[in-house]
Amino acid sequence: MREITFSEAICEAIREEMEKNPAIFTYGEDIAKQGGIFGTYKCILGKFKEKVIDTPISEEVIYGSAVGAALAGGRPIVEFHFADFLFTGMCSIVNQIMKIRYMSGGQGKLPIILRGPDGVARSAAAHHSQSIETVFMHIPGIKVVIPSTPYDAKGLMKTALRSDDPVIFFEHKRLYKTKGPVPEEEYLIPFGEADIKREGDDVTVIATSRMVLESLEAAKELEEEGISVEVIDLRTLVPWDKETVVKSIKKTHKAVIAHETWKRAGWGAEVASTIYEEAFEYLDAPIKRVGAKNVPHPFSPPLEEAVVPDKRDVVNAIKEVLENV
Amino acid sequence: MGMDLLSLYETMVKIRLFDTKAEELFLEGKIPGFIHSYVGEEAIATGVSANLRPDDYITSTHRGHGHMIAKGADVKKMMAELYGKKTGYCKGKGGSMHIMDFSLGVLGANGVVGGGIPIAVGAGMSIKLVKKSDQVVVCYFGDGASNRGTFHEGLNWASVYKLPVIFVCENNMYASTAYMPETTSVQDISSRAVAYNMPGIAVDGNDVLAVYEAAKEAIERARKGEGPTLIEAKTYRLKGHFVGDPELYRSKEEVKKFWEKEPIGRFEKLLFEKGILTEIKKKEIWDKIKNEIEEAVKFAEKSEFPPPEDALTDMFIDDRKYDY
């Protein structure tokens, strides 16, 4: 199978759907002339005249306009530039996009996609590094997608583009250049179905985004020590696939949760307490969580490294869980 | 709709009687939440909407009953929504501040000050890029919203892309308890249009014909693809910010002075002078509308509350798998 990058996979999904559906248009900062700050719009540069739009830096309108655009028959894809800048237009997202269908008593459709980069990369520091998916999992009203591979990114983006509900789609900056197999033919990946990226018997690691790759590396390292690690990629957080997680816990009896968002009240806390609620009797040891330290992202490389989790943290967490049996 | 003077009058009376009744019912404890009265501002929604087609859009505010009625909303479904009943516009999930009817082009009354501005701009984007039609969007907001970021972002955006949006600022002089001249850098909010390269027009918001004319011109411009307009309709909030507001921030004399300028009595005078309205005709109209509002109250009171399990529907189109 051909291999393409994560960034190309996203772009292909958008291009293919835009070719099919004239109601789709996309806007945000730096997309039309530059092809997106991380190249996610390169494959549509110069295509879809008038439907790929560079906007003013006006986040309240970038996000809030998606509501009106959708209610008036459009299917907007909104690029949020950096996940950090979701906060500059947060009222439009939380109070309008995420609530209006419910508040209206279920009138109409709201086919909106908010998409763009998140995550820590190359000392971008506190205003350009945050992984904030948990915020959108906490507040009701939007489907949350956070893929880790080019294959998943394309299949999930195509599903998002055909969803009649709002979707927020997080693409980790350090994943954009990663390559992977993506078939030429069309496929869709449904929301709410986790993917077991590696099967194992001794411990389950539940991860998303870049931390899936770190967890797979950790699993490879531990294999040499005779430890068999199962790695589950949730892929979507709203909805999230409890069944696959619980089933895995019933097999391995031990769990580690790994995410890049802050550990304190991160989505791992939700997953952990769900495991305690639904599979407590199957657990042989307390669950361990791996997440960012509860500080803003510092600039200096060794400080950044100290805050953000990686393979080493996952290895250590797995060993601690195994020692606690 | 065209400019039929009697129908303008009837719309204004219907708005007045609906909100007067809503106030009464709220004070009797029959309506939960809050009621923000549009009494005294009826000429604005009426004058604007008389120029709109059913397929045009509006975005409204927390003081939105008048905008809804002028756009043709069903007062029964409105009253039922105020009561929180299942038969209401939003099945009891929105309430007074959030009544919506997407099929009528009402993209939501909005509890967030200035929250409707980006929504109106977005509807303008789809009209221009997807529908390629001559529909327009009227975006109502108050003087308070003109100090929010959404106003400045939204006007700039609509101007840059020449969107068919008519921004109607209902300057009723108060943003909750804050007096407009004490919180706003300009005397005329319409003057802010200069900064966004669009026409800015100030009209007497208590004169339904003046509003009608200003809106007509702006809407025609928008339909022709010539872009947005900012209309400032100068009016006065005769009632408190919400029903039950002790109004400690202004004097009774000030309010009394503005009651003398209220839009319905003023328009009535003109209609009498022109011989369009007579005392008999007037009574007939008021009785008819009173009756319609009473019927709406009966409908709302007779209607069932939604069952508790309805709290867990209408979030997503595909509710499968979602953990509510």
# chains A, B, ... in the order shown; residues from 1 in each chain; ligands from 1
>>> select_by_dssp(residues="region 10-170 of chain B", states="strand (DSSP E or B)", output="ChimeraX atom specification")
/B:57-59,101,106,137-142,165-170
>>> interface_residues(of="chain A", to="chain B", cutoff="6 Å", atoms="only C-alpha atoms", output="list in words")
Ala23, Ser58, Val61, Gly64, Ser65, Ala66, Val67, Gly68, Ala69, Ala72, Gly74, Tyr102, Met103, Ser104, Gly105, Gly106 and Pro239 of chain A
>>> residues_around(residues="Ile219 (chain B)", least_positions_apart="5", cutoff="8 Å", atoms="only C-alpha atoms", output="list in words")
Asn51, Val136, Pro164 and Ile166 of chain B
>>> closest_residue(among="B:Glu253, B:Glu220, B:Gly244, B:Asn172", to="Glu28 (chain B)", atoms="only C-alpha atoms")
B:Gly244
>>> select_by_dssp(residues="region 31-230 of chain A", states="alpha helix (DSSP H)", output="number ranges by chain")
A: 59-71, 90-91, 100-103, 133-138, 150-162, 210-223
>>> write_last_selection(atoms="C-alpha atoms", output="PDB file, in the first residue's frame")
ATOM      1  CA  GLU A  59     -11.721  34.087  16.328  1.00  0.00           C
ATOM      2  CA  GLU A  60     -15.149  34.891  17.758  1.00  0.00           C
ATOM      3  CA  VAL A  61     -16.397  35.215  14.187  1.00  0.00           C
ATOM      4  CA  ILE A  62     -14.237  32.398  12.787  1.00  0.00           C
ATOM      5  CA  TYR A  63     -15.980  29.979  15.133  1.00  0.00           C
ATOM      6  CA  GLY A  64     -19.362  31.659  15.642  1.00  0.00           C
ATOM      7  CA  SER A  65     -19.933  32.160  11.927  1.00  0.00           C
ATOM      8  CA  ALA A  66     -19.802  28.398  11.490  1.00  0.00           C
ATOM      9  CA  VAL A  67     -23.171  28.211  13.271  1.00  0.00           C
ATOM     10  CA  GLY A  68     -24.888  30.593  10.863  1.00  0.00           C
ATOM     11  CA  ALA A  69     -23.092  29.071   7.892  1.00  0.00           C
ATOM     12  CA  ALA A  70     -24.312  25.599   8.825  1.00  0.00           C
ATOM     13  CA  LEU A  71     -27.874  26.678   9.604  1.00  0.00           C
ATOM     14  CA  MET A  90     -14.270  30.110  23.170  1.00  0.00           C
ATOM     15  CA  CYS A  91     -17.616  31.816  23.779  1.00  0.00           C
ATOM     16  CA  ILE A 100     -27.543  25.637  19.820  1.00  0.00           C
ATOM     17  CA  ARG A 101     -28.972  22.349  18.559  1.00  0.00           C
ATOM     18  CA  TYR A 102     -29.913  21.225  22.047  1.00  0.00           C
ATOM     19  CA  MET A 103     -31.296  24.629  23.014  1.00  0.00           C
ATOM     20  CA  GLU A 133      -8.979  17.995  24.037  1.00  0.00           C
ATOM     21  CA  THR A 134     -10.158  17.340  27.582  1.00  0.00           C
ATOM     22  CA  VAL A 135     -11.937  20.702  27.686  1.00  0.00           C
ATOM     23  CA  PHE A 136     -14.155  19.646  24.797  1.00  0.00           C
ATOM     24  CA  MET A 137     -14.762  16.236  26.278  1.00  0.00           C
ATOM     25  CA  HIS A 138     -15.893  17.856  29.506  1.00  0.00           C
ATOM     26  CA  PRO A 150      -2.412   8.919   8.628  1.00  0.00           C
ATOM     27  CA  TYR A 151      -4.836   6.035   8.031  1.00  0.00           C
ATOM     28  CA  ASP A 152      -7.018   6.975  10.981  1.00  0.00           C
ATOM     29  CA  ALA A 153      -6.757  10.684  10.205  1.00  0.00           C
ATOM     30  CA  LYS A 154      -8.157  10.250   6.712  1.00  0.00           C
ATOM     31  CA  GLY A 155     -10.914   7.831   7.643  1.00  0.00           C
ATOM     32  CA  LEU A 156     -12.018   9.881  10.622  1.00  0.00           C
ATOM     33  CA  MET A 157     -11.870  13.166   8.691  1.00  0.00           C
ATOM     34  CA  LYS A 158     -14.135  11.720   6.023  1.00  0.00           C
ATOM     35  CA  THR A 159     -16.593  10.616   8.688  1.00  0.00           C
ATOM     36  CA  ALA A 160     -16.413  14.082  10.241  1.00  0.00           C
ATOM     37  CA  LEU A 161     -17.108  15.687   6.865  1.00  0.00           C
ATOM     38  CA  ARG A 162     -20.287  13.669   6.523  1.00  0.00           C
ATOM     39  CA  ARG A 210       1.303  11.272  19.812  1.00  0.00           C
ATOM     40  CA  MET A 211       1.128   9.269  23.027  1.00  0.00           C
ATOM     41  CA  VAL A 212      -0.024   6.256  21.007  1.00  0.00           C
ATOM     42  CA  LEU A 213       3.330   6.309  19.191  1.00  0.00           C
ATOM     43  CA  GLU A 214       5.228   6.788  22.456  1.00  0.00           C
ATOM     44  CA  SER A 215       3.265   3.920  24.000  1.00  0.00           C
ATOM     45  CA  LEU A 216       4.054   1.638  21.066  1.00  0.00           C
ATOM     46  CA  GLU A 217       7.739   2.453  21.505  1.00  0.00           C
ATOM     47  CA  ALA A 218       7.426   1.707  25.211  1.00  0.00           C
ATOM     48  CA  ALA A 219       5.734  -1.603  24.403  1.00  0.00           C
ATOM     49  CA  LYS A 220       8.558  -2.548  22.038  1.00  0.00           C
ATOM     50  CA  GLU A 221      11.152  -1.798  24.695  1.00  0.00           C
ATOM     51  CA  LEU A 222       9.317  -3.777  27.364  1.00  0.00           C
ATOM     52  CA  GLU A 223       8.853  -6.725  25.053  1.00  0.00           C
TER      53      GLU A 223
END
>>> residues_around(residues="Glu301 (chain B)", least_positions_apart="3", cutoff="8 Å", atoms="only C-alpha atoms", output="ChimeraX atom specification")
/B:80,83,297-298,304
>>> residues_around(residues="Thr26 (chain A)", least_positions_apart="5", cutoff="6 Å", atoms="only C-alpha atoms", output="ChimeraX atom specification")
/A:52,76-78
>>> residues_around(residues="Leu82 (chain B)", least_positions_apart="5", cutoff="12 Å", atoms="only C-alpha atoms", output="number ranges by chain")
B: 18-19, 21-23, 25-26, 29-36, 64-65, 75-77, 87-99, 296-297, 299-301, 303, 305
>>> write_last_selection(atoms="N, CA and C atoms", output="compact mmCIF listing (two decimals), in the first residue's frame")
# COMPACT_ATOMS: atom_id res chain seq x y z
N PHE B 18 -48.19 40.75 23.77
CA PHE B 18 -47.51 39.50 24.15
C PHE B 18 -46.60 39.76 25.34
N ASP B 19 -45.77 40.79 25.23
CA ASP B 19 -44.81 41.03 26.32
C ASP B 19 -45.48 41.56 27.59
N LYS B 21 -48.40 40.63 28.56
CA LYS B 21 -48.96 39.42 29.15
C LYS B 21 -47.87 38.57 29.79
N ALA B 22 -46.75 38.46 29.10
CA ALA B 22 -45.64 37.64 29.63
C ALA B 22 -45.17 38.21 30.97
N GLU B 23 -45.12 39.53 31.06
CA GLU B 23 -44.72 40.19 32.30
C GLU B 23 -45.70 39.84 33.43
N LEU B 25 -47.75 37.28 33.63
CA LEU B 25 -47.67 35.86 33.98
C LEU B 25 -46.41 35.56 34.79
N PHE B 26 -45.34 36.25 34.46
CA PHE B 26 -44.09 36.04 35.20
C PHE B 26 -44.27 36.48 36.65
N GLY B 29 -45.90 34.23 38.84
CA GLY B 29 -45.13 33.01 39.12
C GLY B 29 -45.42 31.86 38.18
N LYS B 30 -46.04 32.15 37.04
CA LYS B 30 -46.40 31.06 36.13
C LYS B 30 -45.28 30.73 35.14
N ILE B 31 -44.37 31.69 34.93
CA ILE B 31 -43.30 31.48 33.96
C ILE B 31 -41.96 31.41 34.71
N PRO B 32 -41.20 30.35 34.50
CA PRO B 32 -39.88 30.26 35.16
C PRO B 32 -38.82 31.10 34.43
N GLY B 33 -37.64 31.20 35.01
CA GLY B 33 -36.52 31.88 34.34
C GLY B 33 -36.61 33.38 34.43
N PHE B 34 -36.37 34.04 33.29
CA PHE B 34 -36.42 35.51 33.23
C PHE B 34 -37.25 35.95 32.03
N ILE B 35 -37.80 37.15 32.12
CA ILE B 35 -38.45 37.76 30.96
C ILE B 35 -37.81 39.13 30.74
N HIS B 36 -37.37 39.37 29.51
CA HIS B 36 -36.82 40.68 29.13
C HIS B 36 -37.80 41.30 28.16
N GLY B 64 -35.93 39.02 22.69
CA GLY B 64 -36.22 38.65 21.31
C GLY B 64 -37.67 38.40 20.92
N HIS B 65 -38.61 38.48 21.87
CA HIS B 65 -40.00 38.13 21.51
C HIS B 65 -40.51 38.97 20.33
N VAL B 75 -47.45 32.64 18.19
CA VAL B 75 -47.44 33.06 19.60
C VAL B 75 -47.79 31.91 20.56
N LYS B 76 -48.51 30.93 20.07
CA LYS B 76 -48.82 29.77 20.92
C LYS B 76 -47.54 29.02 21.27
N LYS B 77 -46.75 28.73 20.23
CA LYS B 77 -45.50 28.00 20.47
C LYS B 77 -44.52 28.84 21.29
N THR B 87 -44.68 21.59 24.03
CA THR B 87 -45.22 22.12 22.77
C THR B 87 -44.55 23.43 22.35
N GLY B 88 -43.59 23.90 23.15
CA GLY B 88 -42.91 25.15 22.82
C GLY B 88 -41.96 25.01 21.65
N TYR B 89 -41.51 26.15 21.14
CA TYR B 89 -40.62 26.17 19.98
C TYR B 89 -39.40 25.25 20.16
N CYS B 90 -38.87 25.22 21.36
CA CYS B 90 -37.65 24.43 21.59
C CYS B 90 -37.94 23.27 22.54
N LYS B 91 -39.17 22.84 22.58
CA LYS B 91 -39.59 21.73 23.45
C LYS B 91 -39.20 21.97 24.91
N GLY B 92 -39.16 23.24 25.28
CA GLY B 92 -38.83 23.59 26.66
C GLY B 92 -37.34 23.60 26.96
N LYS B 93 -36.50 23.50 25.95
CA LYS B 93 -35.05 23.48 26.21
C LYS B 93 -34.40 24.86 26.05
N GLY B 94 -35.15 25.80 25.50
CA GLY B 94 -34.56 27.13 25.27
C GLY B 94 -35.09 28.17 26.24
N GLY B 95 -36.40 28.31 26.29
CA GLY B 95 -37.00 29.33 27.15
C GLY B 95 -37.01 30.70 26.48
N SER B 96 -37.49 31.68 27.24
CA SER B 96 -37.69 33.03 26.70
C SER B 96 -36.49 33.59 25.94
N MET B 97 -35.30 33.42 26.51
CA MET B 97 -34.12 34.07 25.92
C MET B 97 -33.57 33.36 24.69
N HIS B 98 -34.07 32.15 24.42
CA HIS B 98 -33.42 31.35 23.37
C HIS B 98 -34.41 30.76 22.38
N ILE B 99 -35.50 31.47 22.13
CA ILE B 99 -36.49 30.93 21.20
C ILE B 99 -35.90 30.93 19.79
N ALA B 296 -53.14 31.74 23.32
CA ALA B 296 -51.76 31.25 23.46
C ALA B 296 -51.49 30.85 24.91
N VAL B 297 -51.99 31.67 25.85
CA VAL B 297 -51.80 31.35 27.27
C VAL B 297 -52.51 30.04 27.61
N PHE B 299 -53.26 27.63 25.60
CA PHE B 299 -52.52 26.54 24.95
C PHE B 299 -51.30 26.16 25.80
N ALA B 300 -50.58 27.19 26.26
CA ALA B 300 -49.37 26.93 27.06
C ALA B 300 -49.74 26.24 28.37
N GLU B 301 -50.81 26.71 29.00
CA GLU B 301 -51.19 26.14 30.30
C GLU B 301 -51.70 24.71 30.17
N SER B 303 -50.78 22.63 27.86
CA SER B 303 -49.73 21.74 27.34
C SER B 303 -49.00 21.02 28.46
N PHE B 305 -45.72 19.39 30.41
CA PHE B 305 -44.28 19.57 30.57
C PHE B 305 -43.58 18.40 29.87
>>> atom_distance(atom1="CA of Ile113 (chain A)", atom2="CA of Lys173 (chain A)")
18.2 Å
>>> closest_residue(among="B:Lys269, B:Lys239, B:Lys132, B:Lys288", to="Tyr38 (chain B)", atoms="only C-alpha atoms")
B:Lys239
>>> residues_around(residues="Thr274 (chain A)", least_positions_apart="3", cutoff="12 Å", atoms="only C-alpha atoms", output="list in words")
Trp240, Asp241, Lys242, Glu243, Val245, Val246, Ile249, Ala255, Trp267, Gly268, Ala269, Glu270, Val271, Glu277, Glu278, Ala279, Phe280 and Ile287 of chain A; Asp323 of chain B
>>> closest_atom_pairs(of="region 129-190 of chain A", to="region 306-325 of chain A", cutoff="12 Å", atoms="only C-alpha atoms", output="CSV")
residue,atom,partner,partner_atom,distance
A:Ser129,CA,A:Val308,CA,10.2
A:Gln130,CA,A:Val308,CA,10.3
A:Ser131,CA,A:Val308,CA,10.4
>>> write_last_selection(atoms="N, CA and C atoms", output="compact mmCIF listing (two decimals), in the first residue's frame")
# COMPACT_ATOMS: atom_id res chain seq x y z
N SER A 129 1.40 25.44 22.38
CA SER A 129 1.76 24.05 22.66
C SER A 129 0.68 23.19 23.28
N GLN A 130 -0.46 23.77 23.58
CA GLN A 130 -1.36 23.04 24.47
C GLN A 130 -2.15 21.92 23.80
N SER A 131 -2.36 20.87 24.56
CA SER A 131 -3.28 19.80 24.16
C SER A 131 -4.53 19.96 25.03
>>> atom_distance(atom1="CA of Ala125 (chain A)", atom2="CA of Thr40 (chain A)")
21.9 Å
>>> decode(residues="region 121-139 of chain A", atoms="N, CA and C atoms", output="mmCIF file, in the first residue's frame")
data_model
loop_
_atom_site.group_PDB
_atom_site.id
_atom_site.type_symbol
_atom_site.label_atom_id
_atom_site.label_comp_id
_atom_site.auth_asym_id
_atom_site.auth_seq_id
_atom_site.Cartn_x
_atom_site.Cartn_y
_atom_site.Cartn_z
ATOM 1 N N ALA A 121 5.549 20.976 20.483
ATOM 2 C CA ALA A 121 6.562 20.709 19.462
ATOM 3 C C ALA A 121 7.599 21.820 19.458
ATOM 4 N N ARG A 122 8.842 21.458 19.491
ATOM 5 C CA ARG A 122 9.967 22.380 19.253
ATOM 6 C C ARG A 122 9.875 23.700 19.999
ATOM 7 N N SER A 123 9.696 23.628 21.310
ATOM 8 C CA SER A 123 9.753 24.836 22.133
ATOM 9 C C SER A 123 8.830 25.963 21.658
ATOM 10 N N ALA A 124 7.645 25.612 21.255
ATOM 11 C CA ALA A 124 6.705 26.657 20.845
ATOM 12 C C ALA A 124 6.194 27.437 22.061
ATOM 13 N N ALA A 125 6.384 26.868 23.231
ATOM 14 C CA ALA A 125 6.062 27.513 24.514
ATOM 15 C C ALA A 125 4.557 27.663 24.763
ATOM 16 N N ALA A 126 4.248 28.359 25.840
ATOM 17 C CA ALA A 126 2.925 28.237 26.475
ATOM 18 C C ALA A 126 1.730 28.679 25.633
ATOM 19 N N HIS A 127 1.947 29.529 24.613
ATOM 20 C CA HIS A 127 0.809 29.958 23.794
ATOM 21 C C HIS A 127 0.672 29.188 22.487
ATOM 22 N N HIS A 128 1.555 28.209 22.260
ATOM 23 C CA HIS A 128 1.457 27.450 21.000
ATOM 24 C C HIS A 128 1.671 25.957 21.206
ATOM 25 N N SER A 129 1.400 25.439 22.378
ATOM 26 C CA SER A 129 1.759 24.046 22.661
ATOM 27 C C SER A 129 0.678 23.189 23.284
ATOM 28 N N GLN A 130 -0.457 23.773 23.585
ATOM 29 C CA GLN A 130 -1.361 23.043 24.474
ATOM 30 C C GLN A 130 -2.150 21.924 23.795
ATOM 31 N N SER A 131 -2.362 20.872 24.555
ATOM 32 C CA SER A 131 -3.284 19.798 24.157
ATOM 33 C C SER A 131 -4.525 19.959 25.031
ATOM 34 N N ILE A 132 -5.617 20.420 24.428
ATOM 35 C CA ILE A 132 -6.768 20.824 25.251
ATOM 36 C C ILE A 132 -8.025 20.018 24.929
ATOM 37 N N GLU A 133 -7.822 18.804 24.409
ATOM 38 C CA GLU A 133 -8.979 17.995 24.037
ATOM 39 C C GLU A 133 -9.908 17.718 25.211
ATOM 40 N N THR A 134 -9.331 17.643 26.410
ATOM 41 C CA THR A 134 -10.158 17.340 27.582
ATOM 42 C C THR A 134 -11.271 18.375 27.778
ATOM 43 N N VAL A 135 -10.951 19.631 27.501
ATOM 44 C CA VAL A 135 -11.937 20.702 27.686
ATOM 45 C C VAL A 135 -13.207 20.389 26.901
ATOM 46 N N PHE A 136 -13.009 19.882 25.679
ATOM 47 C CA PHE A 136 -14.155 19.646 24.797
ATOM 48 C C PHE A 136 -14.826 18.308 25.087
ATOM 49 N N MET A 137 -14.135 17.463 25.827
ATOM 50 C CA MET A 137 -14.762 16.236 26.278
ATOM 51 C C MET A 137 -15.621 16.549 27.512
ATOM 52 N N HIS A 138 -15.178 17.498 28.282
ATOM 53 C CA HIS A 138 -15.893 17.856 29.506
ATOM 54 C C HIS A 138 -17.219 18.561 29.220
ATOM 55 N N ILE A 139 -17.201 19.523 28.302
ATOM 56 C CA ILE A 139 -18.414 20.304 28.041
ATOM 57 C C ILE A 139 -19.236 19.574 26.971
#
